[in-house]
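Q: What follows is the file upload03.txt, containing compact mmCIF, N, CA, C and O atoms:
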# COMPACT_ATOMS: atom_id res chain seq x y z
N MET F 1 21.79 -23.07 -40.89
CA MET F 1 21.22 -22.93 -39.57
C MET F 1 19.83 -23.57 -39.54
O MET F 1 19.00 -23.25 -40.37
N PRO F 2 19.59 -24.49 -38.63
CA PRO F 2 18.28 -25.16 -38.62
C PRO F 2 17.19 -24.20 -38.14
O PRO F 2 17.42 -23.32 -37.34
N GLU F 3 16.02 -24.41 -38.66
CA GLU F 3 14.87 -23.59 -38.26
C GLU F 3 14.37 -24.05 -36.89
O GLU F 3 14.32 -25.23 -36.61
N THR F 4 14.02 -23.08 -36.07
CA THR F 4 13.44 -23.44 -34.77
C THR F 4 12.02 -22.94 -34.72
O THR F 4 11.72 -21.87 -35.22
N SER F 5 11.19 -23.72 -34.16
CA SER F 5 9.79 -23.29 -34.03
C SER F 5 9.50 -23.05 -32.55
O SER F 5 10.07 -23.70 -31.69
N THR F 6 8.64 -22.10 -32.30
CA THR F 6 8.27 -21.82 -30.91
C THR F 6 6.87 -22.33 -30.67
O THR F 6 6.00 -22.24 -31.53
N THR F 7 6.68 -22.87 -29.52
CA THR F 7 5.36 -23.35 -29.13
C THR F 7 4.80 -22.40 -28.09
O THR F 7 5.50 -21.51 -27.60
N THR F 8 3.57 -22.60 -27.72
CA THR F 8 2.96 -21.72 -26.72
C THR F 8 3.66 -21.80 -25.38
O THR F 8 3.69 -20.86 -24.63
N SER F 9 4.30 -22.91 -25.08
CA SER F 9 5.01 -23.03 -23.81
C SER F 9 6.28 -22.19 -23.80
O SER F 9 6.81 -21.86 -22.76
N ASP F 10 6.81 -21.84 -24.98
CA ASP F 10 8.01 -21.03 -25.08
C ASP F 10 7.70 -19.52 -25.06
O ASP F 10 8.60 -18.72 -24.92
N GLN F 11 6.46 -19.17 -25.25
CA GLN F 11 6.10 -17.76 -25.32
C GLN F 11 5.83 -17.21 -23.93
O GLN F 11 5.42 -17.92 -23.03
N VAL F 12 6.07 -15.92 -23.78
CA VAL F 12 5.83 -15.25 -22.51
C VAL F 12 4.53 -14.46 -22.63
O VAL F 12 4.33 -13.73 -23.59
N PHE F 13 3.66 -14.65 -21.66
CA PHE F 13 2.37 -13.96 -21.67
C PHE F 13 2.32 -12.97 -20.51
O PHE F 13 2.89 -13.22 -19.45
N ALA F 14 1.65 -11.88 -20.73
CA ALA F 14 1.48 -10.88 -19.66
C ALA F 14 0.55 -11.45 -18.60
O ALA F 14 -0.37 -12.21 -18.91
N ALA F 15 0.81 -11.09 -17.37
CA ALA F 15 -0.04 -11.55 -16.27
C ALA F 15 -1.43 -10.95 -16.40
O ALA F 15 -1.58 -9.79 -16.75
N LYS F 16 -2.43 -11.76 -16.13
CA LYS F 16 -3.80 -11.28 -16.20
C LYS F 16 -4.13 -10.47 -14.95
O LYS F 16 -3.72 -10.82 -13.85
N ARG F 17 -4.86 -9.40 -15.14
CA ARG F 17 -5.33 -8.62 -14.01
C ARG F 17 -6.59 -9.27 -13.45
O ARG F 17 -7.32 -9.93 -14.18
N PRO F 18 -6.84 -9.09 -12.17
CA PRO F 18 -8.08 -9.63 -11.61
C PRO F 18 -9.30 -9.03 -12.33
O PRO F 18 -9.24 -7.90 -12.81
N SER F 19 -10.36 -9.78 -12.40
CA SER F 19 -11.54 -9.31 -13.12
C SER F 19 -12.19 -8.12 -12.44
O SER F 19 -12.82 -7.30 -13.09
N ASN F 20 -12.02 -7.99 -11.12
CA ASN F 20 -12.61 -6.88 -10.40
C ASN F 20 -11.54 -6.25 -9.48
O ASN F 20 -11.59 -6.41 -8.27
N PRO F 21 -10.57 -5.53 -10.09
CA PRO F 21 -9.50 -4.97 -9.25
C PRO F 21 -10.02 -3.85 -8.37
O PRO F 21 -10.81 -3.01 -8.81
N LYS F 22 -9.60 -3.84 -7.12
CA LYS F 22 -9.97 -2.77 -6.20
C LYS F 22 -8.69 -2.17 -5.64
O LYS F 22 -8.09 -2.73 -4.72
N PRO F 23 -8.23 -1.06 -6.21
CA PRO F 23 -6.98 -0.47 -5.73
C PRO F 23 -7.14 0.06 -4.31
O PRO F 23 -8.21 0.52 -3.92
N PHE F 24 -6.08 -0.05 -3.53
CA PHE F 24 -6.10 0.46 -2.17
C PHE F 24 -5.86 1.96 -2.22
O PHE F 24 -4.91 2.42 -2.83
N VAL F 25 -6.73 2.73 -1.59
CA VAL F 25 -6.60 4.18 -1.58
C VAL F 25 -6.33 4.61 -0.15
O VAL F 25 -7.06 4.25 0.77
N PHE F 26 -5.25 5.38 0.02
CA PHE F 26 -4.91 5.86 1.36
C PHE F 26 -5.80 7.02 1.75
O PHE F 26 -6.07 7.90 0.95
N GLN F 27 -6.27 7.02 2.98
CA GLN F 27 -7.02 8.14 3.53
C GLN F 27 -6.13 8.75 4.61
O GLN F 27 -5.77 8.09 5.58
N PHE F 28 -5.76 9.99 4.41
CA PHE F 28 -4.88 10.66 5.36
C PHE F 28 -5.70 11.27 6.48
O PHE F 28 -6.77 11.83 6.25
N CYS F 29 -5.19 11.14 7.70
CA CYS F 29 -5.89 11.63 8.89
C CYS F 29 -4.90 12.38 9.78
O CYS F 29 -3.69 12.09 9.76
N LEU F 30 -5.42 13.29 10.56
CA LEU F 30 -4.64 13.93 11.61
C LEU F 30 -4.78 13.04 12.83
O LEU F 30 -5.89 12.78 13.29
N VAL F 31 -3.65 12.52 13.32
CA VAL F 31 -3.69 11.59 14.45
C VAL F 31 -2.80 12.11 15.57
O VAL F 31 -1.92 12.94 15.35
N GLN F 32 -3.05 11.57 16.76
CA GLN F 32 -2.26 11.97 17.92
C GLN F 32 -1.95 10.74 18.74
O GLN F 32 -2.76 9.84 18.90
N GLY F 33 -0.72 10.71 19.25
CA GLY F 33 -0.28 9.66 20.16
C GLY F 33 0.46 10.32 21.31
O GLY F 33 0.44 11.55 21.45
N ILE F 34 1.13 9.53 22.10
CA ILE F 34 1.92 10.09 23.20
C ILE F 34 3.13 10.78 22.59
O ILE F 34 3.90 10.18 21.84
N ASN F 35 3.28 12.06 22.86
CA ASN F 35 4.41 12.88 22.40
C ASN F 35 4.45 13.14 20.90
O ASN F 35 5.50 13.49 20.37
N PHE F 36 3.36 12.96 20.19
CA PHE F 36 3.38 13.34 18.76
C PHE F 36 1.96 13.61 18.26
O PHE F 36 0.97 13.15 18.81
N ARG F 37 1.91 14.39 17.21
CA ARG F 37 0.69 14.67 16.46
C ARG F 37 1.15 14.84 15.02
O ARG F 37 2.09 15.58 14.76
N CYS F 38 0.51 14.15 14.09
CA CYS F 38 0.95 14.22 12.70
C CYS F 38 -0.17 13.80 11.75
O CYS F 38 -1.20 13.30 12.17
N VAL F 39 0.09 14.01 10.47
CA VAL F 39 -0.78 13.48 9.42
C VAL F 39 -0.29 12.07 9.14
O VAL F 39 0.91 11.82 8.99
N ALA F 40 -1.21 11.11 9.11
CA ALA F 40 -0.83 9.71 8.95
C ALA F 40 -1.86 8.99 8.09
O ALA F 40 -2.92 9.52 7.78
N TYR F 41 -1.51 7.77 7.73
CA TYR F 41 -2.42 6.90 6.99
C TYR F 41 -2.28 5.48 7.53
O TYR F 41 -1.29 5.12 8.15
N CYS F 42 -3.28 4.67 7.26
CA CYS F 42 -3.28 3.27 7.67
C CYS F 42 -2.99 2.44 6.42
O CYS F 42 -3.72 2.53 5.43
N ASP F 43 -1.90 1.65 6.43
CA ASP F 43 -1.52 0.89 5.24
C ASP F 43 -2.37 -0.37 5.08
O ASP F 43 -3.29 -0.63 5.86
N GLN F 44 -2.06 -1.16 4.08
CA GLN F 44 -2.85 -2.35 3.76
C GLN F 44 -2.81 -3.40 4.85
O GLN F 44 -3.71 -4.22 4.96
N GLN F 45 -1.78 -3.38 5.69
CA GLN F 45 -1.67 -4.35 6.78
C GLN F 45 -2.32 -3.84 8.06
O GLN F 45 -2.29 -4.52 9.08
N GLY F 46 -2.88 -2.62 8.04
CA GLY F 46 -3.52 -2.06 9.22
C GLY F 46 -2.58 -1.32 10.14
O GLY F 46 -2.92 -1.03 11.28
N THR F 47 -1.39 -0.99 9.65
CA THR F 47 -0.39 -0.27 10.43
C THR F 47 -0.49 1.22 10.15
O THR F 47 -0.52 1.63 8.99
N TRP F 48 -0.53 2.02 11.20
CA TRP F 48 -0.53 3.47 11.03
C TRP F 48 0.88 3.93 10.71
O TRP F 48 1.84 3.52 11.36
N ARG F 49 1.01 4.80 9.68
CA ARG F 49 2.32 5.31 9.26
C ARG F 49 2.27 6.82 9.11
O ARG F 49 1.27 7.38 8.68
N ASP F 50 3.38 7.46 9.47
CA ASP F 50 3.54 8.90 9.31
C ASP F 50 3.53 9.22 7.81
O ASP F 50 4.25 8.59 7.04
N ALA F 51 2.75 10.20 7.39
CA ALA F 51 2.64 10.52 5.98
C ALA F 51 3.91 11.16 5.42
O ALA F 51 4.19 11.04 4.22
N SER F 52 4.71 11.81 6.25
CA SER F 52 5.90 12.49 5.74
C SER F 52 7.10 11.58 5.53
O SER F 52 7.92 11.83 4.66
N ASN F 53 7.22 10.51 6.32
CA ASN F 53 8.41 9.65 6.20
C ASN F 53 8.08 8.15 6.19
O ASN F 53 8.99 7.33 6.21
N GLN F 54 6.84 7.78 6.20
CA GLN F 54 6.35 6.39 6.14
C GLN F 54 6.81 5.54 7.31
O GLN F 54 6.77 4.31 7.25
N GLU F 55 7.25 6.15 8.41
CA GLU F 55 7.64 5.38 9.59
C GLU F 55 6.39 4.90 10.33
O GLU F 55 5.38 5.58 10.38
N GLU F 56 6.50 3.71 10.92
CA GLU F 56 5.40 3.13 11.66
C GLU F 56 5.16 3.92 12.94
O GLU F 56 6.10 4.31 13.63
N LEU F 57 3.89 4.14 13.26
CA LEU F 57 3.51 4.83 14.50
C LEU F 57 3.13 3.78 15.53
O LEU F 57 2.35 2.88 15.24
N PHE F 58 3.69 3.90 16.72
CA PHE F 58 3.45 2.93 17.77
C PHE F 58 2.59 3.51 18.89
O PHE F 58 2.46 4.72 18.99
N GLY F 59 2.03 2.65 19.69
CA GLY F 59 1.24 3.07 20.83
C GLY F 59 -0.20 3.30 20.45
O GLY F 59 -0.65 2.97 19.36
N ASP F 60 -0.93 3.88 21.40
CA ASP F 60 -2.34 4.19 21.16
C ASP F 60 -2.44 5.41 20.25
O ASP F 60 -1.86 6.45 20.52
N ILE F 61 -3.17 5.26 19.16
CA ILE F 61 -3.35 6.33 18.18
C ILE F 61 -4.78 6.84 18.29
O ILE F 61 -5.72 6.05 18.21
N GLN F 62 -4.92 8.14 18.44
CA GLN F 62 -6.24 8.76 18.46
C GLN F 62 -6.40 9.54 17.16
O GLN F 62 -5.56 10.36 16.81
N ILE F 63 -7.50 9.27 16.44
CA ILE F 63 -7.78 9.98 15.20
C ILE F 63 -8.47 11.30 15.57
O ILE F 63 -9.54 11.29 16.18
N LEU F 64 -7.85 12.41 15.17
CA LEU F 64 -8.42 13.71 15.45
C LEU F 64 -9.35 14.18 14.34
O LEU F 64 -10.39 14.75 14.59
N LYS F 65 -8.92 13.95 13.09
CA LYS F 65 -9.74 14.37 11.95
C LYS F 65 -9.31 13.61 10.71
O LYS F 65 -8.13 13.45 10.46
N CYS F 66 -10.30 13.16 9.95
CA CYS F 66 -10.03 12.49 8.66
C CYS F 66 -10.65 13.28 7.53
O CYS F 66 -11.58 13.99 7.67
When written as structure tokens, how does the structure in this file appear?

A:
Amino acid sequence: MPETSTTTSDQVFAAKRPSNPKPFVFQFCLVQGINFRCVAYCDQQGTWRDASNQEELFGDIQILKC
């Protein structure tokens, strides 16, 4: 069986983490809209979501308490 050599291009390297990682932290708030009031959070895209089922909240959202 012939010997095979591996070069650096054949090796798999772990992805580098950013030098200054800033994890996204959810802040839960009590919010109110038309016909609902719930605990919600604002995701990374700026969308308000229900904390219990992650469904998107539509309409005008009023923050009652954070």

Q: Take every atom of range 48-62 of chain F listed in the file, pad by 4 Å on each side, and give me the axis-aligned box centre and edge lengths in Å, one decimal, as AutoDock Vina command-line options.

A:
--center_x 1.3 --center_y 7.3 --center_z 12.8 --size_x 23.4 --size_y 18.5 --size_z 25.2

Q: Go ahead and compute the interatomic distance for atom C of Gln54 in chain F and atom O of Ala40 in chain F, in Å to one decimal.

A: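 Going from atom C of Gln54 in chain F over to atom O of Ala40 in chain F, I get 10.5 Å.
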
Q: Quick one: everything within 8 Å of range 25-37 of chain F, counting only C-alpha atoms, minus sequence neighbours fewer than 5 positions away in the same chain. Send it as a ChimeraX atom specification.

A: /F:42-43,51,59-66

Q: Can you measure atom N of Phe58 in chain F to atom C of Gln44 in chain F for me? One decimal in Å is fine.

A: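 Taking atom N of Phe58 in chain F as the start and atom C of Gln44 in chain F as the end point, the length is 15.4 Å.
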
Q: So the first atom is CA of Asn53 in chain F and the second is atom O of Val39 in chain F; what is the distance between them in Å, to one decimal place?

A: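 Distance reported for this atom pair: 8.3 Å.
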